[in-house]
Structures are given as C-alpha cells and as structure tokens.
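Dumped structure_16.pdb below, it's PDB, C-alpha atoms and all ligand atoms:
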ATOM      1  CA  MET A 180       0.000   0.000   0.000
ATOM      2  CA  LYS A 181       1.606   3.267  -1.130
ATOM      3  CA  HIS A 182      -1.268   5.719  -0.547
ATOM      4  CA  LEU A 183      -4.688   5.672   1.114
ATOM      5  CA  LEU A 184      -6.956   7.715  -1.133
ATOM      6  CA  SER A 185     -10.240   5.821  -1.336
ATOM      7  CA  ILE A 186     -11.854   2.747   0.197
ATOM      8  CA  ALA A 187     -12.423   1.587  -3.384
ATOM      9  CA  ASP A 188      -8.654   1.094  -3.829
ATOM     10  CA  LEU A 189      -8.360  -1.363  -0.925
ATOM     11  CA  SER A 190      -8.358  -5.104  -1.437
ATOM     12  CA  THR A 191     -10.322  -7.245   0.994
ATOM     13  CA  SER A 192      -7.104  -8.558   2.512
ATOM     14  CA  GLU A 193      -5.839  -4.997   3.005
ATOM     15  CA  ILE A 194      -9.094  -4.088   4.794
ATOM     16  CA  THR A 195      -8.799  -7.132   7.041
ATOM     17  CA  SER A 196      -5.164  -6.430   7.761
ATOM     18  CA  LEU A 197      -5.842  -2.732   8.538
ATOM     19  CA  LEU A 198      -8.650  -3.604  10.961
ATOM     20  CA  GLU A 199      -6.639  -6.396  12.616
ATOM     21  CA  LEU A 200      -3.643  -4.178  13.245
ATOM     22  CA  ALA A 201      -5.981  -1.420  14.513
ATOM     23  CA  GLU A 202      -7.312  -3.880  17.080
ATOM     24  CA  ARG A 203      -3.762  -4.547  18.320
ATOM     25  CA  MET A 204      -2.936  -0.820  18.305
ATOM     26  CA  HIS A 205      -6.086  -0.131  20.331
ATOM     27  CA  ARG A 206      -4.532  -1.901  23.330
ATOM     28  CA  LEU A 207      -1.855   0.784  23.552
ATOM     29  CA  GLN A 208      -4.536   3.243  24.703
ATOM     30  CA  GLY A 209      -4.773   1.382  28.010
ATOM     31  CA  GLU A 210      -0.995   1.398  28.612
ATOM     32  CA  ARG A 211       0.791   3.895  30.808
ATOM     33  CA  VAL A 212       3.618   4.308  28.283
ATOM     34  CA  LYS A 213       2.005   4.892  24.888
ATOM     35  CA  LYS A 214       4.972   4.435  22.597
ATOM     36  CA  LEU A 215       5.997   1.895  19.972
ATOM     37  CA  PRO A 216       9.289   2.280  18.100
ATOM     38  CA  ASP A 217       7.945   1.214  14.680
ATOM     39  CA  LEU A 218       8.085   4.568  12.855
ATOM     40  CA  LYS A 219      11.161   6.019  14.546
ATOM     41  CA  GLY A 220      12.960   8.342  12.142
ATOM     42  CA  ARG A 221       9.946   8.789   9.854
ATOM     43  CA  THR A 222       8.194  12.120   9.366
ATOM     44  CA  VAL A 223       4.448  12.616   8.939
ATOM     45  CA  VAL A 224       3.019  15.982   7.900
ATOM     46  CA  ASN A 225      -0.622  16.888   8.552
ATOM     47  CA  LEU A 226      -1.625  19.346   5.833
ATOM     48  CA  PHE A 227      -5.135  20.641   6.518
ATOM     49  CA  PHE A 228      -6.981  23.112   4.308
ATOM     50  CA  GLU A 229     -10.252  22.662   6.227
ATOM     51  CA  ASP A 230     -11.051  22.756   9.939
ATOM     52  CA  SER A 231     -10.682  19.623  11.998
ATOM     53  CA  THR A 232     -10.537  18.555  15.636
ATOM     54  CA  ARG A 233     -10.646  14.758  15.714
ATOM     55  CA  THR A 234      -9.022  13.824  12.439
ATOM     56  CA  ARG A 235      -6.023  16.092  12.740
ATOM     57  CA  SER A 236      -5.263  15.461  16.382
ATOM     58  CA  SER A 237      -5.734  11.701  16.098
ATOM     59  CA  PHE A 238      -3.345  11.504  13.137
ATOM     60  CA  GLU A 239      -0.831  13.483  15.177
ATOM     61  CA  ILE A 240      -1.257  11.257  18.222
ATOM     62  CA  ALA A 241      -1.079   8.136  16.037
ATOM     63  CA  ALA A 242       2.199   9.279  14.477
ATOM     64  CA  LYS A 243       3.666  10.172  17.872
ATOM     65  CA  TRP A 244       2.659   6.911  19.546
ATOM     66  CA  LEU A 245       4.493   5.138  16.734
ATOM     67  CA  SER A 246       7.578   7.351  17.385
ATOM     68  CA  ALA A 247       7.344   9.238  14.076
ATOM     69  CA  ASP A 248       7.952  12.985  14.000
ATOM     70  CA  ALA A 249       4.644  14.734  13.339
ATOM     71  CA  ILE A 250       4.247  18.227  11.950
ATOM     72  CA  ASN A 251       0.959  20.124  11.641
ATOM     73  CA  MET A 252       0.335  22.620   8.884
ATOM     74  CA  SER A 253      -2.795  24.500   7.988
ATOM     75  CA  ALA A 254      -3.493  26.722   4.994
ATOM     76  CA  LYS A 255      -3.685  29.740   7.284
ATOM     77  CA  GLY A 256      -0.126  30.536   8.314
ATOM     78  CA  SER A 257       1.462  28.710   5.369
ATOM     79  CA  SER A 258       2.589  30.121   2.016
ATOM     80  CA  VAL A 259      -0.745  29.053   0.535
ATOM     81  CA  SER A 260      -2.100  32.318   1.957
ATOM     82  CA  LYS A 261       0.629  34.113  -0.038
ATOM     83  CA  GLY A 262      -0.693  32.599  -3.242
ATOM     84  CA  GLU A 263       1.512  29.511  -3.582
ATOM     85  CA  SER A 264      -0.139  26.766  -5.610
ATOM     86  CA  LEU A 265      -1.135  23.474  -4.031
ATOM     87  CA  ARG A 266       1.381  21.674  -6.254
ATOM     88  CA  ASP A 267       4.253  23.924  -5.174
ATOM     89  CA  THR A 268       3.310  23.508  -1.510
ATOM     90  CA  LEU A 269       3.358  19.733  -1.874
ATOM     91  CA  LEU A 270       6.592  19.668  -3.890
ATOM     92  CA  THR A 271       8.188  21.827  -1.170
ATOM     93  CA  LEU A 272       7.201  19.423   1.599
ATOM     94  CA  ASP A 273       8.248  16.466  -0.525
ATOM     95  CA  ALA A 274      11.657  18.022  -1.197
ATOM     96  CA  MET A 275      12.281  18.044   2.557
ATOM     97  CA  GLY A 276      12.063  14.273   2.497
ATOM     98  CA  VAL A 277       8.886  13.731   4.500
ATOM     99  CA  ASP A 278       7.529  10.171   4.436
ATOM    100  CA  ALA A 279       3.770  10.722   4.590
ATOM    101  CA  ILE A 280       1.443  13.652   3.981
ATOM    102  CA  VAL A 281      -2.008  13.476   5.549
ATOM    103  CA  MET A 282      -4.116  15.942   3.619
ATOM    104  CA  ARG A 283      -7.599  17.428   3.983
ATOM    105  CA  HIS A 284      -8.826  19.714   1.239
ATOM    106  CA  PRO A 285     -12.193  21.159   0.147
ATOM    107  CA  GLY A 286     -11.697  19.977  -3.447
ATOM    108  CA  SER A 287     -13.004  16.494  -4.267
ATOM    109  CA  GLY A 288     -10.212  14.483  -5.904
ATOM    110  CA  THR A 289      -7.366  16.802  -4.855
ATOM    111  CA  VAL A 290      -5.618  14.273  -2.604
ATOM    112  CA  ALA A 291      -5.476  11.702  -5.404
ATOM    113  CA  GLN A 292      -4.168  14.388  -7.735
ATOM    114  CA  ALA A 293      -1.504  15.324  -5.186
ATOM    115  CA  ALA A 294      -0.416  11.681  -4.948
ATOM    116  CA  GLY A 295       0.740  11.979  -8.553
ATOM    117  CA  TRP A 296       3.102  14.842  -7.678
ATOM    118  CA  VAL A 297       5.026  13.539  -4.660
ATOM    119  CA  ARG A 298       7.218  10.658  -3.535
ATOM    120  CA  ALA A 299       5.680  10.641  -0.047
ATOM    121  CA  SER A 300       2.704   8.446   0.822
ATOM    122  CA  MET A 301      -0.512  10.461   0.660
ATOM    123  CA  VAL A 302      -3.408   9.875   3.048
ATOM    124  CA  ASN A 303      -6.831  11.285   2.263
ATOM    125  CA  ALA A 304      -8.144  12.884   5.462
ATOM    126  CA  GLY A 305     -11.253  14.156   3.648
ATOM    127  CA  ASP A 306     -11.438  15.605   0.138
ATOM    128  CA  GLY A 307     -14.477  17.829  -0.379
ATOM    129  CA  THR A 308     -17.627  15.759  -0.619
ATOM    130  CA  HIS A 309     -15.774  12.743  -2.031
ATOM    131  CA  GLU A 310     -14.220  10.404   0.547
ATOM    132  CA  HIS A 311     -12.879  10.094   4.066
ATOM    133  CA  PRO A 312     -11.461   6.563   4.138
ATOM    134  CA  THR A 313      -9.925   6.565   7.635
ATOM    135  CA  GLN A 314     -13.283   7.698   9.054
ATOM    136  CA  ALA A 315     -15.017   4.681   7.499
ATOM    137  CA  LEU A 316     -12.297   2.365   8.825
ATOM    138  CA  LEU A 317     -12.602   3.782  12.330
ATOM    139  CA  ASP A 318     -16.399   3.590  12.174
ATOM    140  CA  ALA A 319     -16.135  -0.096  11.225
ATOM    141  CA  HIS A 320     -13.630  -0.677  14.015
ATOM    142  CA  ALA A 321     -15.906   0.991  16.606
ATOM    143  CA  MET A 322     -18.987  -0.896  15.344
ATOM    144  CA  LEU A 323     -17.128  -4.222  15.448
ATOM    145  CA  ARG A 324     -16.010  -3.556  19.022
ATOM    146  CA  HIS A 325     -19.608  -2.687  19.939
ATOM    147  CA  PHE A 326     -20.994  -5.899  18.418
ATOM    148  CA  HIS A 327     -18.251  -8.049  19.930
ATOM    149  CA  SER A 328     -18.882  -6.603  23.388
ATOM    150  CA  HIS A 329     -22.585  -7.527  23.042
ATOM    151  CA  ASP A 330     -21.889 -11.008  21.588
ATOM    152  CA  GLN A 331     -23.486  -9.929  18.337
ATOM    153  CA  GLY A 332     -20.829 -11.219  15.942
ATOM    154  CA  ASP A 333     -19.436  -9.010  13.182
ATOM    155  CA  LEU A 334     -20.909  -6.680  10.565
ATOM    156  CA  ALA A 335     -22.258  -9.348   8.214
ATOM    157  CA  GLY A 336     -26.028  -8.947   7.892
ATOM    158  CA  LYS A 337     -26.203  -5.978  10.271
ATOM    159  CA  LEU A 338     -28.509  -3.131   9.248
ATOM    160  CA  VAL A 339     -26.606   0.152   9.231
ATOM    161  CA  ALA A 340     -28.775   3.232   8.631
ATOM    162  CA  ILE A 341     -26.749   6.240   7.507
ATOM    163  CA  THR A 342     -28.958   9.238   8.086
ATOM    164  CA  GLY A 343     -28.929  12.916   7.257
ATOM    165  CA  ASP A 344     -26.853  15.160   5.038
ATOM    166  CA  LEU A 345     -25.748  12.527   2.536
ATOM    167  CA  LEU A 346     -25.338  15.074  -0.235
ATOM    168  CA  HIS A 347     -22.310  16.728   1.373
ATOM    169  CA  SER A 348     -20.969  13.705   3.201
ATOM    170  CA  ARG A 349     -17.628  12.150   2.308
ATOM    171  CA  VAL A 350     -18.126  10.031   5.437
ATOM    172  CA  ALA A 351     -21.241   8.445   3.926
ATOM    173  CA  ARG A 352     -19.493   7.687   0.636
ATOM    174  CA  SER A 353     -16.559   5.941   2.276
ATOM    175  CA  ASN A 354     -18.836   4.117   4.694
ATOM    176  CA  VAL A 355     -21.102   2.781   1.962
ATOM    177  CA  LEU A 356     -18.085   1.364   0.118
ATOM    178  CA  LEU A 357     -16.557  -0.209   3.222
ATOM    179  CA  LEU A 358     -19.728  -1.515   4.866
ATOM    180  CA  GLN A 359     -20.783  -3.253   1.661
ATOM    181  CA  ARG A 360     -17.387  -4.969   1.558
ATOM    182  CA  LEU A 361     -17.852  -6.090   5.166
ATOM    183  CA  GLY A 362     -21.242  -7.621   4.382
ATOM    184  CA  ALA A 363     -23.490  -5.121   6.190
ATOM    185  CA  ASP A 364     -26.917  -4.108   4.867
ATOM    186  CA  VAL A 365     -26.720  -0.384   4.332
ATOM    187  CA  VAL A 366     -29.766   1.844   4.152
ATOM    188  CA  LEU A 367     -29.494   5.543   3.394
ATOM    189  CA  VAL A 368     -32.024   7.865   4.985
ATOM    190  CA  ALA A 369     -32.436  11.512   3.983
ATOM    191  CA  PRO A 370     -34.851  13.997   2.500
ATOM    192  CA  GLN A 371     -34.804  13.985  -1.307
ATOM    193  CA  THR A 372     -32.978  17.352  -1.276
ATOM    194  CA  LEU A 373     -30.034  15.902   0.684
ATOM    195  CA  MET A 374     -29.641  12.752  -1.442
ATOM    196  CA  PRO A 375     -26.655  12.682  -3.811
ATOM    197  CA  PRO A 376     -27.950  12.686  -7.416
ATOM    198  CA  ALA A 377     -26.283   9.342  -8.266
ATOM    199  CA  VAL A 378     -27.407   7.551  -5.098
ATOM    200  CA  GLY A 379     -29.375   5.076  -7.212
ATOM    201  CA  THR A 380     -26.083   3.648  -8.509
ATOM    202  CA  TRP A 381     -24.597   3.051  -5.041
ATOM    203  CA  GLY A 382     -26.220  -0.355  -4.740
ATOM    204  CA  VAL A 383     -27.904   0.248  -1.366
ATOM    205  CA  ARG A 384     -31.465   0.782  -0.159
ATOM    206  CA  VAL A 385     -32.563   4.394  -0.042
ATOM    207  CA  VAL A 386     -35.507   5.663   2.032
ATOM    208  CA  THR A 387     -36.853   9.093   2.890
ATOM    209  CA  ASP A 388     -38.660   8.042   6.081
ATOM    210  CA  ILE A 389     -36.453   7.430   9.124
ATOM    211  CA  ASP A 390     -39.359   5.771  10.949
ATOM    212  CA  GLU A 391     -39.296   2.970   8.374
ATOM    213  CA  VAL A 392     -35.905   1.765   9.654
ATOM    214  CA  ILE A 393     -35.468   2.978  13.229
ATOM    215  CA  ALA A 394     -36.797  -0.159  14.943
ATOM    216  CA  ASP A 395     -34.731  -2.546  12.784
ATOM    217  CA  ALA A 396     -31.386  -0.726  12.654
ATOM    218  CA  ASP A 397     -28.344  -2.281  14.340
ATOM    219  CA  VAL A 398     -26.527   1.001  13.855
ATOM    220  CA  MET A 399     -28.022   4.473  13.507
ATOM    221  CA  MET A 400     -25.243   6.593  12.031
ATOM    222  CA  MET A 401     -26.291  10.228  12.201
ATOM    223  CA  LEU A 402     -24.543  12.738   9.932
ATOM    224  CA  ARG A 403     -23.961  16.376  10.662
ATOM    225  CA  VAL A 404     -26.040  18.912   8.772
ATOM    226  CA  GLN A 405     -23.109  20.616   6.986
ATOM    227  CA  ARG A 406     -24.291  24.211   7.075
ATOM    228  CA  GLU A 407     -20.926  25.489   5.746
ATOM    229  CA  ARG A 408     -21.466  23.608   2.463
ATOM    230  CA  MET A 409     -25.076  24.756   2.068
ATOM    231  CA  ALA A 410     -25.591  27.741  -0.199
ATOM    232  CA  HIS A 411     -29.380  27.668   0.140
ATOM    233  CA  GLY A 412     -32.173  25.930   2.008
ATOM    234  CA  TYR A 413     -32.320  22.151   1.769
ATOM    235  CA  PHE A 414     -35.177  21.774   4.239
ATOM    236  CA  PRO A 415     -37.987  24.085   5.344
ATOM    237  CA  SER A 416     -36.736  24.797   8.881
ATOM    238  CA  GLU A 417     -34.527  23.265  11.559
ATOM    239  CA  GLN A 418     -37.608  22.320  13.568
ATOM    240  CA  GLU A 419     -39.010  20.387  10.613
ATOM    241  CA  TYR A 420     -35.649  18.667  10.055
ATOM    242  CA  ILE A 421     -35.556  17.588  13.710
ATOM    243  CA  GLU A 422     -39.090  16.226  13.520
ATOM    244  CA  ALA A 423     -38.521  14.361  10.262
ATOM    245  CA  TYR A 424     -34.873  13.195  10.589
ATOM    246  CA  GLY A 425     -33.517  13.897  14.063
ATOM    247  CA  LEU A 426     -32.615  11.119  16.473
ATOM    248  CA  THR A 427     -35.083  12.483  19.000
ATOM    249  CA  VAL A 428     -36.110  11.102  22.397
ATOM    250  CA  PRO A 429     -39.247   9.327  21.033
ATOM    251  CA  ARG A 430     -37.151   7.681  18.287
ATOM    252  CA  LEU A 431     -34.511   6.679  20.822
ATOM    253  CA  ALA A 432     -37.185   4.676  22.619
ATOM    254  CA  ARG A 433     -37.798   2.636  19.446
ATOM    255  CA  LEU A 434     -34.150   1.645  18.909
ATOM    256  CA  LYS A 435     -33.118  -1.958  19.590
ATOM    257  CA  PRO A 436     -31.580  -2.485  23.039
ATOM    258  CA  HIS A 437     -28.179  -3.351  21.538
ATOM    259  CA  ALA A 438     -28.205  -0.954  18.606
ATOM    260  CA  ALA A 439     -25.281   1.456  18.323
ATOM    261  CA  ILE A 440     -25.702   5.199  17.885
ATOM    262  CA  ALA A 441     -22.838   6.594  15.808
ATOM    263  CA  HIS A 442     -21.873  10.080  14.675
ATOM    264  CA  PRO A 443     -18.546  11.059  13.085
ATOM    265  CA  GLY A 444     -18.560  14.403  14.915
ATOM    266  CA  PRO A 445     -18.687  17.287  15.221
ATOM    267  CA  MET A 446     -22.301  16.934  16.393
ATOM    268  CA  ASN A 447     -25.026  19.546  16.141
ATOM    269  CA  ARG A 448     -26.694  18.572  19.408
ATOM    270  CA  GLY A 449     -30.401  19.242  19.222
ATOM    271  CA  LEU A 450     -30.452  19.107  15.408
ATOM    272  CA  GLU A 451     -29.561  15.755  13.793
ATOM    273  CA  ILE A 452     -29.006  14.160  17.203
ATOM    274  CA  SER A 453     -30.623  14.928  20.551
ATOM    275  CA  SER A 454     -28.382  15.225  23.596
ATOM    276  CA  ALA A 455     -30.237  12.239  25.057
ATOM    277  CA  ALA A 456     -29.167  10.123  22.053
ATOM    278  CA  ALA A 457     -25.590  11.429  22.015
ATOM    279  CA  ASP A 458     -25.179  10.537  25.696
ATOM    280  CA  ASP A 459     -27.250   7.322  25.659
ATOM    281  CA  ALA A 460     -25.629   4.065  26.835
ATOM    282  CA  ARG A 461     -25.876   2.855  23.219
ATOM    283  CA  SER A 462     -23.903   5.812  21.879
ATOM    284  CA  ILE A 463     -20.493   4.870  20.439
ATOM    285  CA  VAL A 464     -19.556   8.454  19.554
ATOM    286  CA  LEU A 465     -16.555   8.575  21.894
ATOM    287  CA  ASP A 466     -15.579   5.005  20.982
ATOM    288  CA  GLN A 467     -15.357   6.246  17.397
ATOM    289  CA  VAL A 468     -12.905   8.892  18.582
ATOM    290  CA  SER A 469     -10.741   6.313  20.392
ATOM    291  CA  ALA A 470     -10.946   4.047  17.353
ATOM    292  CA  GLY A 471      -9.630   6.951  15.283
ATOM    293  CA  VAL A 472      -6.238   6.822  16.942
ATOM    294  CA  ALA A 473      -5.938   3.031  16.620
ATOM    295  CA  VAL A 474      -7.032   2.985  12.985
ATOM    296  CA  ARG A 475      -4.723   5.851  12.015
ATOM    297  CA  MET A 476      -1.809   4.099  13.715
ATOM    298  CA  SER A 477      -2.625   1.042  11.640
ATOM    299  CA  VAL A 478      -2.859   3.098   8.432
ATOM    300  CA  LEU A 479       0.482   4.864   9.004
ATOM    301  CA  HIS A 480       2.059   1.534   9.914
ATOM    302  CA  HIS A 481       0.789  -0.073   6.713
ATOM    303  CA  LEU A 482       2.014   2.795   4.575
ATOM    304  CA  LEU A 483       5.432   3.249   6.124
ATOM    305  CA  THR A 484       6.609  -0.257   7.085
ATOM    306  CA  ASP A 485       6.593  -3.720   5.549
ATOM    307  CA  HIS A 486       4.292  -4.758   8.485
TER     308      HIS A 486
HETATM  309  C1  LIG B 501     -16.440  14.661   9.197
HETATM  310  C2  LIG B 501     -15.673  15.315   8.061
HETATM  311  O1  LIG B 501     -14.907  16.250   8.264
HETATM  312  O2  LIG B 501     -15.868  14.835   6.970
HETATM  313  N1  LIG B 501     -15.877  14.835  10.440
HETATM  314  C3  LIG B 501     -14.811  14.081  10.823
HETATM  315  O3  LIG B 501     -13.851  13.898  10.106
HETATM  316  N2  LIG B 501     -14.888  13.509  12.035
HETATM  317  C4  LIG B 501     -17.879  14.945   9.143
HETATM  318  C5  LIG B 501     -18.363  16.352   9.293
HETATM  319  O4  LIG B 501     -17.636  17.318   9.161
HETATM  320  O5  LIG B 501     -19.577  16.473   9.543
END
Step by step, read the file and then write its structure as structure tokens.
Ligand code: NCD
Amino acid sequence: MKHLLSIADLSTSEITSLLELAERMHRLQGERVKKLPDLKGRTVVNLFFEDSTRTRSSFEIAAKWLSADAINMSAKGSSVSKGESLRDTLLTLDAMGVDAIVMRHPGSGTVAQAAGWVRASMVNAGDGTHEHPTQALLDAHAMLRHFHSHDQGDLAGKLVAITGDLLHSRVARSNVLLLQRLGADVVLVAPQTLMPPAVGTWGVRVVTDIDEVIADADVMMMLRVQRERMAHGYFPSEQEYIEAYGLTVPRLARLKPHAAIAHPGPMNRGLEISSAAADDARSIVLDQVSAGVAVRMSVLHHLLTDH
C-alpha cells in the first residue's frame, strides 16, 4: 500500500489487515507508556486546508505513539495564503524528504491528484464531498467492538442506517463502500434534497422516512447537517428537520436495546441528534474517537513499514 486515497482502492485482505492491526494498536490506549518504536525516524506531515478537531489530532497522536515525528500545517499561516499553488506547496514538503502527507482539502479528488506529484505516501483525510477513508475504517472498528462486546458477531447482515446530510458527506461515501465490503446491509435515509444525485447507482437501499428503519437498525449513524457547504435551504426549517430526521427522544425509545448510535462528529446537538441520544448508553460516539487513533496508527504503519 503506497497511498490511502479511497476505500475503493483497498483489497479485501488490506481491509482485514488494517482492521486487525488497529485492534492490536487499540490496546496501547490502556498502557501507561504509549509508545511503539515502529516509525522512529519517519516524518508525517498533517496538511489541513479545512477545519478539523478529531481527524487532525488523532493523526498526530497516532504518528507520535508510533515514534514518528509529526508536523501540523494549515493553509492559514502557510505560504498558501501568499498565493503559492497546491502543487508547489506539496513539492516543497516532498523536497524536505517527509515520508507521509495526511491531507484534507475542500476539493473532491485533490488528494489523489496530489499523490501523482510527490514521492511521499498520501493519506486522504477528507477531500471535499468525495471520501474520508480513515473515518469509514474507524467507524467499522468501533462498530465491530460494539458488536463483539454484546456477543453480536461481526458486521455481516447488520442493518446500518446512515442518516442525514448525505449530499455533502464524504463520510457516507466511504462508509457505503466499506460496509458493503464487510457484508453489512446499508440503508441511506435523507430527504430527497439531501440525497446525492447518483445515489441510485450506489447499490444500497434508499428511504426518505427514518421511521421505516429505526426499529430494525443495528446502527443508527447520524450525519452532521453541513451548514458550511449549504448555499441555500435544503429543508424548510430546523424544527421540521428535527421532527422528520432527528434522532429524537421518542425515536430513541424505538431503537433496539443493543443498537449502536454513531456520529462522526462534530455533532449539532439538538439538530440531527438529541443530547439524550448522544449521551445514551448505546452511543459509540466517543468510541469512534478512540478508534480513530488506533485505525490511524494502523494506516500509518501499513504505509510506512513492511508490516
Ligand atoms: C467529518 C468530516 O470532516 O468529513 N468529520 C470528521 O472527520 N470527524 C464529518 C463532518 O464534518 O460532519
């Protein structure tokens, strides 16, 4: 594996191997000394052109726990704000001899394009509305841990309802690709206005009524309403969105006892997810965050060693 750009590029054995190593890396979180020597002497640059809390800090922690040197860069404060092109920025970093560049960018396809310019391994940490492969891997890891802890087996045959702003969601795209590969039944739930135009070709069930699936779902994955990508109204009002698509208290009562409530974060509490749902015993939101470190350690390990 040279780069991680899209879930579609991964073979089934690579997916298995990434998730298995993530499981081993997860144990480090419980140790007092969180350090493995595996990436000593390697340099990982986080290059973020969009805001991030979880993704950026977990990549940094992952690199550090593996003993790599980690450097954070954002567009603000770099020469990009002086007008330097993306290609020149990447060639500059590459010329310094860095080993991996973890990049987030608002342009769909830009990380794959950048991979053609550099010698370093590129990791897609979210490109526009296209993909976010490490998020899907960490979601799978957190769901698997949830099912294992409830003696529910793995993802095969589980009903995963991905709900909300599908139109702008790179998380949904990567999750659909990965969950299908892992044998889950995926159902997409959103108002017609927040459905991607080509959703009919994704090979999964699509519904506009959340109440059709709520009682059967093994996972309710709620997506953030991405206001920053919305130029105009996609639904009549927030109150109507909450009533039609929010994981509200009455809907929470209809969820299976062992269902998992997932959200990639950041959450709009009180909009797509009620506080009661976010803090419910079935919520795996913080487990997803922990899984993020383990999965990103596994990804960096796969890219930068012979593992
Ligand atoms: C997501 C993203 O940036 O794509 N967040 C994340 O990485 N945890 C989803 C979002 O912004 O809503």
Handout entry: Explicit residues for the PyMOL selection byres (((chain A and resi 466) around 10) and not hetatm) (as an MDAnalysis selection string)
Key = chainID A and resid 317:318 320:322 324:325 441 462:465 467:471
Would you give the centre and edge lengths, in Å to one decimal, of a box along x, y and z around the listed atoms of segment 247-264 of chain A, with 6 Å added to each side, as JSON?
{"center_x": 2.1, "center_y": 21.7, "center_z": 4.2, "size_x": 23.6, "size_y": 36.9, "size_z": 31.7}
Kindly assemble as a Markdown table a list of the chain A residues that lie within 8 Å of ligand LIG 501 (chain B), each paired with its nearest atom pair and their distance in Å to one decimal, using all atoms listed in the file, sorted first by chain and then by ascending residue number.
| residue | atom | partner | partner_atom | distance |
| --- | --- | --- | --- | --- |
| A:Asp230 | CA | B:LIG501 | O1 | 7.7 |
| A:Ser231 | CA | B:LIG501 | O1 | 6.6 |
| A:Thr232 | CA | B:LIG501 | N2 | 7.6 |
| A:Arg233 | CA | B:LIG501 | N2 | 5.8 |
| A:Thr234 | CA | B:LIG501 | O3 | 5.4 |
| A:Ala304 | CA | B:LIG501 | O3 | 7.4 |
| A:Gly305 | CA | B:LIG501 | O2 | 5.7 |
| A:Thr308 | CA | B:LIG501 | O2 | 7.8 |
| A:Glu310 | CA | B:LIG501 | O2 | 8.0 |
| A:His311 | CA | B:LIG501 | O2 | 6.3 |
| A:Gln314 | CA | B:LIG501 | O3 | 6.3 |
| A:Ser348 | CA | B:LIG501 | O2 | 6.4 |
| A:Arg349 | CA | B:LIG501 | O2 | 5.7 |
| A:Val350 | CA | B:LIG501 | O2 | 5.5 |
| A:Leu402 | CA | B:LIG501 | O5 | 6.2 |
| A:Arg403 | CA | B:LIG501 | O5 | 4.5 |
| A:Val404 | CA | B:LIG501 | O5 | 7.0 |
| A:Gln405 | CA | B:LIG501 | O5 | 6.0 |
| A:Pro443 | CA | B:LIG501 | N2 | 4.5 |
| A:Gly444 | CA | B:LIG501 | N2 | 4.8 |
| A:Pro445 | CA | B:LIG501 | O5 | 5.8 |
| A:Met446 | CA | B:LIG501 | O5 | 7.4 |
Problem - Residues matched by the PyMOL selection byres (((chain A and resi 290) around 10) and not hetatm) as a PyMOL selection string - result: chain A and resi 182-185+280-289+291-295+301-307+310
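Excluding Gly425 of chain A itself and same-chain residues fewer than 6 positions from it, the residues having an atom within 7 Å of it are Leu450, Glu451 and Ile452 of chain A, counting only C-alpha atoms.
In this structure, atom CA of Leu334 of chain A sits 15.5 Å away from atom CA of Val383 of chain A.
The space separating atom CA of Ser353 of chain A from atom CA of Ala319 of chain A comes to 10.8 Å.
The two atoms in question, atom CA of Val355 of chain A and atom CA of Val474 of chain A, are spaced 17.9 Å apart.
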Handout entry: Selection result of the PyMOL selection byres (((chain A and resi 198) around 9) and not hetatm) on this file, as a VMD selection string
Key = chain A and resid 193 to 197 199 to 203 316 to 317 319 to 320 474 477
Residues of the last selection are to be written out with C-alpha atoms, as a CSV table (one decimal), in the frame of the given file.
chain,number,residue,atom,x,y,z
A,193,GLU,CA,-5.8,-5.0,3.0
A,194,ILE,CA,-9.1,-4.1,4.8
A,195,THR,CA,-8.8,-7.1,7.0
A,196,SER,CA,-5.2,-6.4,7.8
A,197,LEU,CA,-5.8,-2.7,8.5
A,199,GLU,CA,-6.6,-6.4,12.6
A,200,LEU,CA,-3.6,-4.2,13.2
A,201,ALA,CA,-6.0,-1.4,14.5
A,202,GLU,CA,-7.3,-3.9,17.1
A,203,ARG,CA,-3.8,-4.5,18.3
A,316,LEU,CA,-12.3,2.4,8.8
A,317,LEU,CA,-12.6,3.8,12.3
A,319,ALA,CA,-16.1,-0.1,11.2
A,320,HIS,CA,-13.6,-0.7,14.0
A,474,VAL,CA,-7.0,3.0,13.0
A,477,SER,CA,-2.6,1.0,11.6
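Comparing A:Asp485, A:Asp267, A:Glu417, A:Asp188 by their smallest distance to Asn447 of chain A, the closest is A:Glu417 (using only C-alpha atoms).
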Find the spatial neighbours of segment 249-261 of chain A, counting only C-alpha atoms, within a cut-off of 6 Å - ignore same-chain residues fewer than 6 positions away - and output them as a short mmCIF file (atom, residue, chain, number, x, y, z; two decimals) with C-alpha atoms, keeping the file's coordinate frame.
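Contents of the output file part_28.cif:
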data_model
loop_
_atom_site.label_atom_id
_atom_site.label_comp_id
_atom_site.auth_asym_id
_atom_site.auth_seq_id
_atom_site.Cartn_x
_atom_site.Cartn_y
_atom_site.Cartn_z
CA THR A 222 8.19 12.12 9.37
CA VAL A 223 4.45 12.62 8.94
CA VAL A 224 3.02 15.98 7.90
CA ASN A 225 -0.62 16.89 8.55
CA LEU A 226 -1.62 19.35 5.83
CA PHE A 227 -5.14 20.64 6.52
CA PHE A 228 -6.98 23.11 4.31
CA GLU A 239 -0.83 13.48 15.18
#
How about completing segment 185-195 of chain A with N, CA and C atoms and giving it to me as an mmCIF file, in the frame of the given file?
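Final file, out03.cif:
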data_model
loop_
_atom_site.group_PDB
_atom_site.id
_atom_site.type_symbol
_atom_site.label_atom_id
_atom_site.label_comp_id
_atom_site.auth_asym_id
_atom_site.auth_seq_id
_atom_site.Cartn_x
_atom_site.Cartn_y
_atom_site.Cartn_z
ATOM 1 N N SER A 185 -8.827 6.179 -1.262
ATOM 2 C CA SER A 185 -10.240 5.821 -1.336
ATOM 3 C C SER A 185 -10.419 4.396 -0.823
ATOM 4 N N ILE A 186 -11.558 4.125 -0.231
ATOM 5 C CA ILE A 186 -11.854 2.747 0.197
ATOM 6 C C ILE A 186 -11.881 1.836 -1.033
ATOM 7 N N ALA A 187 -12.313 2.394 -2.168
ATOM 8 C CA ALA A 187 -12.423 1.587 -3.384
ATOM 9 C C ALA A 187 -11.087 0.979 -3.809
ATOM 10 N N ASP A 188 -9.975 1.605 -3.430
ATOM 11 C CA ASP A 188 -8.654 1.094 -3.829
ATOM 12 C C ASP A 188 -8.195 -0.088 -2.971
ATOM 13 N N LEU A 189 -8.862 -0.343 -1.859
ATOM 14 C CA LEU A 189 -8.360 -1.363 -0.925
ATOM 15 C C LEU A 189 -8.846 -2.755 -1.312
ATOM 16 N N SER A 190 -7.931 -3.724 -1.236
ATOM 17 C CA SER A 190 -8.358 -5.104 -1.437
ATOM 18 C C SER A 190 -8.976 -5.602 -0.130
ATOM 19 N N THR A 191 -9.698 -6.708 -0.219
ATOM 20 C CA THR A 191 -10.322 -7.245 0.994
ATOM 21 C C THR A 191 -9.257 -7.636 2.008
ATOM 22 N N SER A 192 -8.127 -8.171 1.533
ATOM 23 C CA SER A 192 -7.104 -8.558 2.512
ATOM 24 C C SER A 192 -6.455 -7.324 3.141
ATOM 25 N N GLU A 193 -6.358 -6.233 2.400
ATOM 26 C CA GLU A 193 -5.839 -4.997 3.005
ATOM 27 C C GLU A 193 -6.798 -4.465 4.084
ATOM 28 N N ILE A 194 -8.101 -4.544 3.801
ATOM 29 C CA ILE A 194 -9.094 -4.088 4.794
ATOM 30 C C ILE A 194 -8.972 -4.927 6.064
ATOM 31 N N THR A 195 -8.909 -6.236 5.877
ATOM 32 C CA THR A 195 -8.799 -7.132 7.041
ATOM 33 C C THR A 195 -7.542 -6.824 7.832
#
